[in-house]
>>> print(open('data_38.cif').read())   # mmCIF, C-alpha atoms
data_target
loop_
_atom_site.label_atom_id
_atom_site.label_comp_id
_atom_site.auth_asym_id
_atom_site.auth_seq_id
_atom_site.Cartn_x
_atom_site.Cartn_y
_atom_site.Cartn_z
CA MET V 1 -80.36 -52.80 34.70
CA ALA V 2 -81.36 -50.27 32.06
CA PHE V 3 -84.83 -50.66 30.62
CA ASN V 4 -85.89 -48.27 27.88
CA ILE V 5 -89.49 -47.65 26.89
CA LEU V 6 -90.63 -45.88 23.74
CA LEU V 7 -94.14 -44.44 23.94
CA ALA V 8 -95.77 -43.79 20.59
CA ALA V 9 -97.95 -40.75 21.24
CA ASP V 10 -100.38 -38.96 18.96
CA GLY V 11 -102.40 -36.91 21.43
CA SER V 12 -105.39 -39.28 21.34
CA ASN V 13 -107.18 -40.66 24.40
CA PRO V 14 -105.85 -44.20 23.90
CA SER V 15 -102.32 -42.88 23.77
CA PHE V 16 -102.86 -41.16 27.13
CA ARG V 17 -104.10 -44.46 28.54
CA ALA V 18 -100.87 -45.94 27.17
CA ALA V 19 -98.98 -43.12 28.93
CA GLU V 20 -100.73 -44.09 32.21
CA LYS V 21 -99.46 -47.66 31.82
CA VAL V 22 -95.95 -46.39 31.17
CA LEU V 23 -96.25 -44.29 34.33
CA GLU V 24 -97.27 -47.41 36.29
CA LEU V 25 -94.13 -49.16 35.08
CA LEU V 26 -92.03 -46.09 35.85
CA ARG V 27 -93.40 -45.98 39.40
CA MET V 28 -92.43 -49.61 39.85
CA ASN V 29 -88.88 -48.85 38.79
CA PRO V 30 -87.76 -45.21 38.56
CA GLU V 31 -84.59 -46.32 36.71
CA ILE V 32 -86.65 -46.94 33.57
CA ASN V 33 -85.95 -44.47 30.76
CA VAL V 34 -88.94 -43.20 28.83
CA THR V 35 -88.97 -41.58 25.40
CA VAL V 36 -92.14 -40.11 23.94
CA ILE V 37 -92.19 -40.08 20.14
CA THR V 38 -94.70 -38.17 18.04
CA VAL V 39 -94.74 -38.45 14.27
CA TYR V 40 -96.30 -35.94 11.93
CA PRO V 41 -97.83 -38.13 9.24
CA GLY V 42 -96.56 -37.48 5.75
CA GLY V 43 -94.51 -34.37 6.46
CA GLU V 44 -91.24 -35.91 5.41
CA ALA V 45 -92.68 -37.41 2.27
CA ALA V 46 -93.76 -33.96 1.16
CA ALA V 47 -90.34 -32.58 1.96
CA ASP V 48 -88.54 -35.36 0.13
CA ASN V 49 -90.41 -35.52 -3.14
CA ASP V 50 -90.85 -33.08 -5.99
CA PHE V 51 -93.50 -31.21 -4.11
CA SER V 52 -90.98 -30.05 -1.57
CA PHE V 53 -91.93 -26.46 -2.36
CA VAL V 54 -95.13 -27.23 -0.44
CA MET V 55 -93.03 -27.70 2.69
CA ASN V 56 -92.02 -24.10 2.94
CA GLU V 57 -90.63 -22.78 6.18
CA ASN V 58 -93.94 -21.48 7.45
CA ILE V 59 -95.60 -24.82 7.10
CA LYS V 60 -92.67 -26.58 8.69
CA ASP V 61 -92.78 -24.19 11.64
CA ALA V 62 -96.52 -24.79 12.01
CA ILE V 63 -95.99 -28.55 12.00
CA ASP V 64 -93.15 -28.32 14.51
CA GLU V 65 -95.33 -26.14 16.72
CA GLN V 66 -98.09 -28.74 16.52
CA LEU V 67 -95.68 -31.57 17.40
CA ARG V 68 -94.32 -29.57 20.31
CA LYS V 69 -97.82 -28.90 21.64
CA THR V 70 -98.64 -32.60 21.49
CA THR V 71 -95.47 -33.85 23.16
CA ASP V 72 -95.63 -31.10 25.82
CA LYS V 73 -98.86 -32.68 27.08
CA TYR V 74 -97.04 -35.96 27.69
CA ARG V 75 -93.98 -34.25 29.11
CA GLU V 76 -96.24 -32.45 31.60
CA PHE V 77 -98.18 -35.62 32.37
CA PHE V 78 -94.96 -37.35 33.45
CA LYS V 79 -93.57 -34.20 35.06
CA ALA V 80 -96.67 -33.97 37.28
CA ALA V 81 -95.80 -37.44 38.58
CA GLY V 82 -92.19 -36.39 39.13
CA PHE V 83 -90.53 -37.98 36.12
CA ASP V 84 -88.55 -36.46 33.26
CA VAL V 85 -88.98 -38.03 29.85
CA ASP V 86 -87.15 -37.61 26.58
CA VAL V 87 -89.20 -36.28 23.66
CA GLN V 88 -88.70 -36.95 19.95
CA HIS V 89 -90.39 -35.54 16.84
CA ARG V 90 -90.38 -37.16 13.41
CA TYR V 91 -92.09 -36.74 10.04
CA GLY V 92 -93.30 -39.57 7.89
CA ASP V 93 -95.26 -42.77 8.19
CA PRO V 94 -95.99 -43.02 11.94
CA ALA V 95 -95.71 -46.80 12.35
CA GLU V 96 -92.64 -46.96 10.14
CA ARG V 97 -90.93 -44.14 12.01
CA VAL V 98 -91.73 -45.49 15.47
CA CYS V 99 -90.44 -48.96 14.55
CA ARG V 100 -87.26 -47.66 12.96
CA PHE V 101 -86.53 -45.45 15.97
CA ALA V 102 -87.13 -48.34 18.39
CA GLU V 103 -84.99 -50.76 16.43
CA ASN V 104 -82.10 -48.39 15.81
CA ARG V 105 -81.84 -47.57 19.49
CA ASN V 106 -82.71 -51.00 20.81
CA TYR V 107 -85.67 -50.07 22.98
CA ASP V 108 -86.82 -52.81 25.33
CA LEU V 109 -90.48 -51.99 24.84
CA VAL V 110 -92.67 -50.00 22.46
CA VAL V 111 -95.99 -48.89 23.97
CA VAL V 112 -98.91 -47.91 21.79
CA GLY V 113 -102.55 -47.10 22.49
CA THR V 114 -105.35 -48.33 20.31
CA ARG V 115 -108.85 -47.02 19.78
CA GLY V 116 -110.55 -50.27 20.54
CA LEU V 117 -113.65 -49.63 18.45
CA LYS V 118 -116.11 -52.48 18.34
CA GLY V 119 -116.73 -53.84 14.86
CA PHE V 120 -118.59 -56.86 13.57
CA GLU V 121 -115.75 -59.15 14.52
CA GLY V 122 -115.04 -57.63 17.89
CA LEU V 123 -112.29 -55.15 18.33
CA VAL V 124 -110.85 -53.26 15.41
CA LEU V 125 -107.32 -52.13 16.08
CA GLY V 126 -106.25 -48.67 15.02
CA SER V 127 -104.26 -48.85 11.81
CA VAL V 128 -101.09 -47.39 13.28
CA ALA V 129 -101.18 -49.77 16.25
CA HIS V 130 -101.87 -52.64 13.89
CA LYS V 131 -98.92 -51.76 11.68
CA ILE V 132 -96.59 -51.30 14.66
CA ILE V 133 -97.50 -54.73 16.01
CA HIS V 134 -96.87 -56.31 12.65
CA ARG V 135 -93.62 -54.72 11.67
CA CYS V 136 -91.80 -53.85 14.88
CA LYS V 137 -89.10 -56.34 15.85
CA MET V 138 -89.11 -55.15 19.45
CA PRO V 139 -91.70 -56.23 22.06
CA VAL V 140 -94.86 -54.12 21.72
CA MET V 141 -97.38 -53.34 24.45
CA LEU V 142 -100.86 -52.63 23.23
CA VAL V 143 -103.07 -50.54 25.52
CA ARG V 144 -106.76 -50.09 24.92
CA MET M 1 -99.52 -50.91 39.86
CA ILE M 2 -98.80 -53.85 37.61
CA ASN M 3 -98.66 -56.67 40.17
CA ASN M 4 -99.98 -59.71 38.40
CA VAL M 5 -98.48 -60.68 35.08
CA LEU M 6 -99.74 -63.62 33.07
CA VAL M 7 -97.37 -65.54 30.82
CA PRO M 8 -99.31 -67.99 28.65
CA THR M 9 -97.18 -70.81 27.25
CA ASP M 10 -97.56 -73.72 24.86
CA GLY M 11 -93.94 -74.81 25.19
CA SER M 12 -92.98 -73.32 21.83
CA GLU M 13 -89.79 -71.38 21.21
CA TYR M 14 -91.93 -68.21 20.98
CA SER M 15 -93.37 -68.86 24.43
CA MET M 16 -89.88 -69.35 25.81
CA ARG M 17 -88.79 -66.04 24.36
CA ALA M 18 -91.81 -64.35 25.93
CA ALA M 19 -90.97 -66.01 29.25
CA LYS M 20 -87.37 -64.70 29.09
CA TYR M 21 -88.73 -61.23 28.47
CA ALA M 22 -91.22 -61.56 31.34
CA ALA M 23 -88.36 -62.61 33.62
CA GLN M 24 -86.42 -59.50 32.58
CA LEU M 25 -89.48 -57.37 33.37
CA ALA M 26 -90.05 -59.12 36.70
CA GLU M 27 -86.52 -58.18 37.70
CA LEU M 28 -87.51 -54.52 37.50
CA ASN M 29 -89.62 -54.85 40.63
CA PRO M 30 -89.88 -57.68 43.18
CA ASP M 31 -93.62 -57.00 43.63
CA ILE M 32 -94.35 -58.32 40.15
CA LYS M 33 -95.97 -61.74 40.52
CA VAL M 34 -95.79 -63.95 37.46
CA THR M 35 -98.27 -66.71 36.66
CA VAL M 36 -97.21 -69.20 34.00
CA PHE M 37 -100.32 -70.56 32.35
CA THR M 38 -101.03 -73.27 29.81
CA VAL M 39 -104.21 -74.48 28.16
CA ASP M 40 -104.91 -78.09 27.16
CA SER M 41 -106.13 -77.40 23.66
CA VAL M 42 -106.64 -80.99 22.48
CA PRO M 43 -110.25 -81.85 23.27
CA ARG M 44 -110.55 -84.78 25.69
CA ARG M 45 -113.51 -86.12 23.75
CA PHE M 46 -111.36 -86.44 20.62
CA VAL M 47 -108.73 -88.39 22.51
CA GLU M 48 -111.36 -90.61 24.13
CA ARG M 49 -113.07 -91.38 20.83
CA HIS M 50 -110.26 -91.56 18.32
CA LEU M 51 -107.14 -92.26 20.28
CA TYR M 52 -108.74 -94.83 22.58
CA TRP M 53 -106.19 -97.43 21.39
CA VAL M 54 -103.32 -95.17 22.45
CA ALA M 55 -105.08 -94.67 25.74
CA ALA M 56 -105.64 -98.42 26.04
CA ASP M 57 -101.98 -99.08 25.28
CA LYS M 58 -100.83 -96.48 27.77
CA GLY M 59 -103.38 -97.95 30.13
CA LYS M 60 -101.17 -101.02 30.30
CA GLN M 61 -98.48 -98.76 31.71
CA GLY M 62 -100.96 -97.54 34.27
CA LYS M 63 -101.68 -94.19 32.55
CA ASN M 64 -105.17 -92.95 31.87
CA ILE M 65 -106.06 -90.06 29.57
CA GLU M 66 -106.03 -87.65 32.46
CA ASP M 67 -102.44 -88.67 33.28
CA MET M 68 -101.41 -88.12 29.67
CA PHE M 69 -102.84 -84.60 29.67
CA ALA M 70 -101.19 -83.88 33.02
CA GLU M 71 -97.84 -85.18 31.78
CA GLU M 72 -97.85 -82.93 28.72
CA ARG M 73 -99.10 -79.91 30.66
CA ASN M 74 -96.50 -80.35 33.40
CA ARG M 75 -93.72 -80.70 30.85
CA ILE M 76 -94.72 -77.36 29.29
CA LEU M 77 -95.15 -75.60 32.63
CA GLU M 78 -91.86 -76.91 34.07
CA GLN M 79 -89.96 -75.96 30.94
CA THR M 80 -91.32 -72.41 31.11
CA GLU M 81 -90.92 -72.15 34.88
CA ALA M 82 -87.25 -73.12 34.54
CA ILE M 83 -86.55 -69.85 32.70
CA PHE M 84 -87.69 -67.91 35.78
CA LYS M 85 -86.01 -70.24 38.27
CA GLU M 86 -82.67 -69.62 36.54
CA LYS M 87 -83.00 -65.98 37.61
CA GLY M 88 -84.26 -66.92 41.05
CA ILE M 89 -87.81 -65.73 40.33
CA GLU M 90 -90.64 -67.68 41.95
CA VAL M 91 -93.68 -68.10 39.72
CA LYS M 92 -97.12 -69.59 40.11
CA CYS M 93 -98.18 -72.24 37.57
CA ASP M 94 -101.76 -72.77 36.51
CA HIS M 95 -103.70 -74.39 33.68
CA SER M 96 -107.04 -74.74 32.05
CA ALA M 97 -108.64 -76.54 29.10
CA GLY M 98 -110.44 -75.30 26.02
CA ASN M 99 -109.88 -72.58 23.43
CA PRO M 100 -106.46 -71.10 24.34
CA ALA M 101 -107.21 -67.41 23.62
CA GLU M 102 -110.58 -67.49 25.38
CA GLU M 103 -109.13 -69.32 28.38
CA ILE M 104 -106.20 -66.90 28.64
CA CYS M 105 -108.50 -63.86 28.64
CA GLU M 106 -110.99 -65.47 31.02
CA TYR M 107 -108.15 -66.31 33.40
CA ALA M 108 -106.88 -62.73 33.20
CA ARG M 109 -110.36 -61.44 34.01
CA THR M 110 -110.93 -63.72 36.99
CA HIS M 111 -107.43 -63.52 38.48
CA ASP M 112 -106.86 -59.76 38.54
CA ILE M 113 -104.17 -59.87 35.86
CA GLN M 114 -102.88 -56.43 34.83
CA LEU M 115 -100.58 -57.49 32.00
CA ILE M 116 -100.28 -60.42 29.61
CA ILE M 117 -96.89 -61.20 28.03
CA MET M 118 -96.90 -63.67 25.16
CA GLY M 119 -95.21 -64.65 21.92
CA THR M 120 -96.59 -63.58 18.55
CA ARG M 121 -96.78 -67.17 17.41
CA GLY M 122 -96.99 -70.50 19.10
CA MET M 123 -96.87 -74.18 18.40
CA SER M 124 -98.33 -73.96 14.90
CA GLY M 125 -95.34 -71.73 14.03
CA LEU M 126 -96.67 -70.79 10.60
CA GLN M 127 -93.86 -68.60 9.35
CA GLU M 128 -95.90 -66.98 6.61
CA ILE M 129 -98.42 -65.65 9.09
CA PHE M 130 -96.83 -62.95 11.15
CA MET M 131 -99.15 -63.20 14.08
CA GLY M 132 -100.57 -66.48 15.31
CA SER M 133 -104.30 -66.89 15.75
CA VAL M 134 -104.03 -67.19 19.52
CA SER M 135 -102.09 -63.96 20.06
CA HIS M 136 -104.34 -62.19 17.58
CA LYS M 137 -107.45 -63.27 19.45
CA VAL M 138 -105.94 -62.43 22.84
CA LEU M 139 -105.18 -58.90 21.62
CA HIS M 140 -108.85 -58.53 20.76
CA LEU M 141 -110.38 -60.11 23.86
CA SER M 142 -107.90 -59.17 26.57
CA PRO M 143 -109.20 -57.17 29.55
CA CYS M 144 -105.70 -55.72 30.12
CA PRO M 145 -102.66 -54.53 28.11
CA VAL M 146 -100.76 -57.20 26.19
CA ILE M 147 -97.05 -57.29 25.38
CA LEU M 148 -96.28 -59.26 22.24
CA VAL M 149 -92.74 -60.60 22.06
CA LYS M 150 -91.37 -61.39 18.59
#
>>> encode(input="data_38.cif", output="structure tokens")
Amino acid sequence: MAFNILLAADGSNPSFRAAEKVLELLRMNPEINVTVITVYPGGEAAADNDFSFVMNENIKDAIDEQLRKTTDKYREFFKAAGFDVDVQHRYGDPAERVCRFAENRNYDLVVVGTRGLKGFEGLVLGSVAHKIIHRCKMPVMLVR
Amino acid sequence: MINNVLVPTDGSEYSMRAAKYAAQLAELNPDIKVTVFTVDSVPRRFVERHLYWVAADKGKQGKNIEDMFAEERNRILEQTEAIFKEKGIEVKCDHSAGNPAEEICEYARTHDIQLIIMGTRGMSGLQEIFMGSVSHKVLHLSPCPVILVK
């Protein structure tokens, strides 16, 4: 049975803890397909609106380079454990992009890390994690 | 390794959906052990003080308050367990009493649970609130990752 996991990754420590959980699942069933998605916040908005001149080729290349560097860390993390993962790059609102990608391709699980800072009322979820939990129609795993 | 998975249930349609998802996940590896868990959230003291006449009436049928709680709890657990049985998955059933979110997290802490799978809403089913208060609180107090099923 195919089971597809989408890992929302931004290079932060919580997202590597999320990657560790995905690896645990992968070890339990090597048939699981994993996609790592990294979103550059706001890039697409700049490209789409009247300020598109700001998104000149150099900047775009720099952003793509940055995205590649980030996702390579995850690719290597899984590679070191003997697993190949698919990698995706997007521009735009991170939560929005992750949810749309997961829903369009019917992922079975979206995994996201959260900072887990302690506030007055206990844990404060990261804003991206919070938004993903609220808007994503697919099951979401939250990793602290 | 994710061996022990906790599936809290209140018998709601959201819990059933979470249970179906947990069954799907359990099929990925036979080592995954599922515990179906429910919390008696109606305080006994309230029932004893304010619903004593119901209890007295049921008493005529030979049921005490404890039996009534057990009946409701077993109904919820059996209903949830049935979803796993359909797929031939054996689960453990357990229960507790008190604040649902606190009990769920305490159970997870004391029973070496590595993953909680639950619905976003439960019995209250308030459509206008996207996430129920129980799942919200579990997300904040949980000692392990939580999967929320919509």
>>> resolve_selection(input="data_38.cif", expression="the PyMOL selection byres ((chain V) within 10 of (chain M))", output="ChimeraX atom specification")
/V:1-3,18,21,23-32,108-113,116,118,121-125,133-144
>>> residues_around(input="data_38.cif", residues="Phe37 in chain M", least_positions_apart="3", cutoff="10 Å", atoms="only C-alpha atoms", output="list of chain:residue names")
M:Leu6, M:Val7, M:Pro8, M:Thr9, M:Asp10, M:Val34, M:Arg73, M:Ile76, M:Leu77, M:Thr80, M:Glu81, M:Lys92, M:Cys93, M:Asp94, M:His95, M:Ser96, M:Glu103, M:Ile104, M:Tyr107
>>> resolve_selection(input="data_38.cif", expression="the PyMOL selection byres ((chain V and resi 86) around 7)", output="short mmCIF file (atom, residue, chain, number, x, y, z; two decimals) with C-alpha atoms, in the coordinates of the input")
data_model
loop_
_atom_site.label_atom_id
_atom_site.label_comp_id
_atom_site.auth_asym_id
_atom_site.auth_seq_id
_atom_site.Cartn_x
_atom_site.Cartn_y
_atom_site.Cartn_z
CA VAL V 34 -88.94 -43.20 28.83
CA THR V 35 -88.97 -41.58 25.40
CA VAL V 36 -92.14 -40.11 23.94
CA ASP V 84 -88.55 -36.46 33.26
CA VAL V 85 -88.98 -38.03 29.85
CA VAL V 87 -89.20 -36.28 23.66
CA GLN V 88 -88.70 -36.95 19.95
#
>>> residues_around(input="data_38.cif", residues="range 62-72 of chain V", least_positions_apart="4", cutoff="10 Å", atoms="all atoms listed in the file", output="PyMOL selection string")
chain V and resi 9-12+36-40+43+55+57-58+76-79+86-91
>>> axis_aligned_box(input="data_38.cif", around="range 29-47 of chain M", padding_each_side="8 Å", output="lines of an AutoDock Vina configuration file")
center_x = -101.6
center_y = -71.6
center_z = 32.1
size_x = 39.9
size_y = 49.5
size_z = 39.0
>>> atom_distance(input="data_38.cif", atom1="CA of Ala26 in chain M", atom2="CA of Ile89 in chain M")
7.9 Å
>>> atom_distance(input="data_38.cif", atom1="CA of Tyr14 in chain M", atom2="CA of Phe69 in chain M")
21.5 Å
>>> resolve_selection(input="data_38.cif", expression="the PyMOL selection byres ((chain M and resi 42) around 10)", output="JSON, numbers by chain")
{"M": [39, 40, 41, 43, 44, 45, 46, 47, 69, 97, 98, 99]}
>>> closest_residue(input="data_38.cif", among="V:Val128, V:Ala81, V:Cys99, V:Val22", to="Ile5 in chain V", atoms="only C-alpha atoms")
V:Val22
>>> closest_residue(input="data_38.cif", among="V:Lys73, V:Val98, V:Asp61, V:Asp93", to="Leu6 in chain V", atoms="all atoms listed in the file")
V:Val98
>>> decode(input="data_38.cif", residues="range 62-85 of chain M", atoms="N, CA and C atoms", output="PDB file, in the first residue's frame")
ATOM      1  N   GLY M  62     -30.990  -2.275  38.655  1.00  0.00           N
ATOM      2  CA  GLY M  62     -29.764  -2.887  39.150  1.00  0.00           C
ATOM      3  C   GLY M  62     -28.473  -2.236  38.650  1.00  0.00           C
ATOM      4  N   LYS M  63     -28.585  -0.940  38.207  1.00  0.00           N
ATOM      5  CA  LYS M  63     -27.391  -0.245  37.719  1.00  0.00           C
ATOM      6  C   LYS M  63     -27.008   0.870  38.683  1.00  0.00           C
ATOM      7  N   ASN M  64     -25.769   0.880  39.110  1.00  0.00           N
ATOM      8  CA  ASN M  64     -25.319   2.027  39.889  1.00  0.00           C
ATOM      9  C   ASN M  64     -24.586   2.999  38.972  1.00  0.00           C
ATOM     10  N   ILE M  65     -24.153   4.121  39.511  1.00  0.00           N
ATOM     11  CA  ILE M  65     -23.494   5.146  38.687  1.00  0.00           C
ATOM     12  C   ILE M  65     -22.262   4.579  37.983  1.00  0.00           C
ATOM     13  N   GLU M  66     -21.544   3.776  38.719  1.00  0.00           N
ATOM     14  CA  GLU M  66     -20.334   3.176  38.149  1.00  0.00           C
ATOM     15  C   GLU M  66     -20.665   2.342  36.907  1.00  0.00           C
ATOM     16  N   ASP M  67     -21.783   1.612  36.974  1.00  0.00           N
ATOM     17  CA  ASP M  67     -22.208   0.800  35.817  1.00  0.00           C
ATOM     18  C   ASP M  67     -22.541   1.691  34.632  1.00  0.00           C
ATOM     19  N   MET M  68     -23.181   2.839  34.935  1.00  0.00           N
ATOM     20  CA  MET M  68     -23.581   3.737  33.852  1.00  0.00           C
ATOM     21  C   MET M  68     -22.355   4.310  33.141  1.00  0.00           C
ATOM     22  N   PHE M  69     -21.360   4.673  33.935  1.00  0.00           N
ATOM     23  CA  PHE M  69     -20.111   5.180  33.334  1.00  0.00           C
ATOM     24  C   PHE M  69     -19.460   4.073  32.503  1.00  0.00           C
ATOM     25  N   ALA M  70     -19.430   2.872  33.056  1.00  0.00           N
ATOM     26  CA  ALA M  70     -18.782   1.751  32.365  1.00  0.00           C
ATOM     27  C   ALA M  70     -19.498   1.437  31.051  1.00  0.00           C
ATOM     28  N   GLU M  71     -20.839   1.533  31.092  1.00  0.00           N
ATOM     29  CA  GLU M  71     -21.626   1.223  29.900  1.00  0.00           C
ATOM     30  C   GLU M  71     -21.295   2.190  28.759  1.00  0.00           C
ATOM     31  N   GLU M  72     -21.269   3.472  29.101  1.00  0.00           N
ATOM     32  CA  GLU M  72     -20.977   4.502  28.105  1.00  0.00           C
ATOM     33  C   GLU M  72     -19.545   4.361  27.563  1.00  0.00           C
ATOM     34  N   ARG M  73     -18.621   4.160  28.479  1.00  0.00           N
ATOM     35  CA  ARG M  73     -17.208   4.032  28.114  1.00  0.00           C
ATOM     36  C   ARG M  73     -16.997   2.809  27.213  1.00  0.00           C
ATOM     37  N   ASN M  74     -17.624   1.689  27.577  1.00  0.00           N
ATOM     38  CA  ASN M  74     -17.446   0.475  26.780  1.00  0.00           C
ATOM     39  C   ASN M  74     -18.053   0.616  25.390  1.00  0.00           C
ATOM     40  N   ARG M  75     -19.174   1.331  25.326  1.00  0.00           N
ATOM     41  CA  ARG M  75     -19.809   1.568  24.027  1.00  0.00           C
ATOM     42  C   ARG M  75     -18.836   2.316  23.112  1.00  0.00           C
ATOM     43  N   ILE M  76     -18.222   3.372  23.654  1.00  0.00           N
ATOM     44  CA  ILE M  76     -17.273   4.183  22.873  1.00  0.00           C
ATOM     45  C   ILE M  76     -16.047   3.361  22.466  1.00  0.00           C
ATOM     46  N   LEU M  77     -15.506   2.614  23.424  1.00  0.00           N
ATOM     47  CA  LEU M  77     -14.300   1.830  23.134  1.00  0.00           C
ATOM     48  C   LEU M  77     -14.577   0.729  22.111  1.00  0.00           C
ATOM     49  N   GLU M  78     -15.723   0.048  22.267  1.00  0.00           N
ATOM     50  CA  GLU M  78     -16.047  -1.051  21.340  1.00  0.00           C
ATOM     51  C   GLU M  78     -16.281  -0.535  19.924  1.00  0.00           C
ATOM     52  N   GLN M  79     -16.960   0.606  19.851  1.00  0.00           N
ATOM     53  CA  GLN M  79     -17.238   1.223  18.557  1.00  0.00           C
ATOM     54  C   GLN M  79     -15.936   1.582  17.829  1.00  0.00           C
ATOM     55  N   THR M  80     -14.975   2.103  18.594  1.00  0.00           N
ATOM     56  CA  THR M  80     -13.693   2.499  18.004  1.00  0.00           C
ATOM     57  C   THR M  80     -12.857   1.261  17.680  1.00  0.00           C
ATOM     58  N   GLU M  81     -12.874   0.298  18.587  1.00  0.00           N
ATOM     59  CA  GLU M  81     -12.107  -0.937  18.407  1.00  0.00           C
ATOM     60  C   GLU M  81     -12.563  -1.690  17.154  1.00  0.00           C
ATOM     61  N   ALA M  82     -13.867  -1.591  16.866  1.00  0.00           N
ATOM     62  CA  ALA M  82     -14.436  -2.302  15.716  1.00  0.00           C
ATOM     63  C   ALA M  82     -13.767  -1.893  14.406  1.00  0.00           C
ATOM     64  N   ILE M  83     -13.365  -0.627  14.322  1.00  0.00           N
ATOM     65  CA  ILE M  83     -12.711  -0.128  13.103  1.00  0.00           C
ATOM     66  C   ILE M  83     -11.400  -0.878  12.854  1.00  0.00           C
ATOM     67  N   PHE M  84     -10.688  -1.187  13.940  1.00  0.00           N
ATOM     68  CA  PHE M  84      -9.423  -1.919  13.817  1.00  0.00           C
ATOM     69  C   PHE M  84      -9.678  -3.404  13.566  1.00  0.00           C
ATOM     70  N   LYS M  85     -10.680  -3.942  14.258  1.00  0.00           N
ATOM     71  CA  LYS M  85     -10.991  -5.366  14.114  1.00  0.00           C
ATOM     72  C   LYS M  85     -11.343  -5.714  12.673  1.00  0.00           C
TER      73      LYS M  85
END
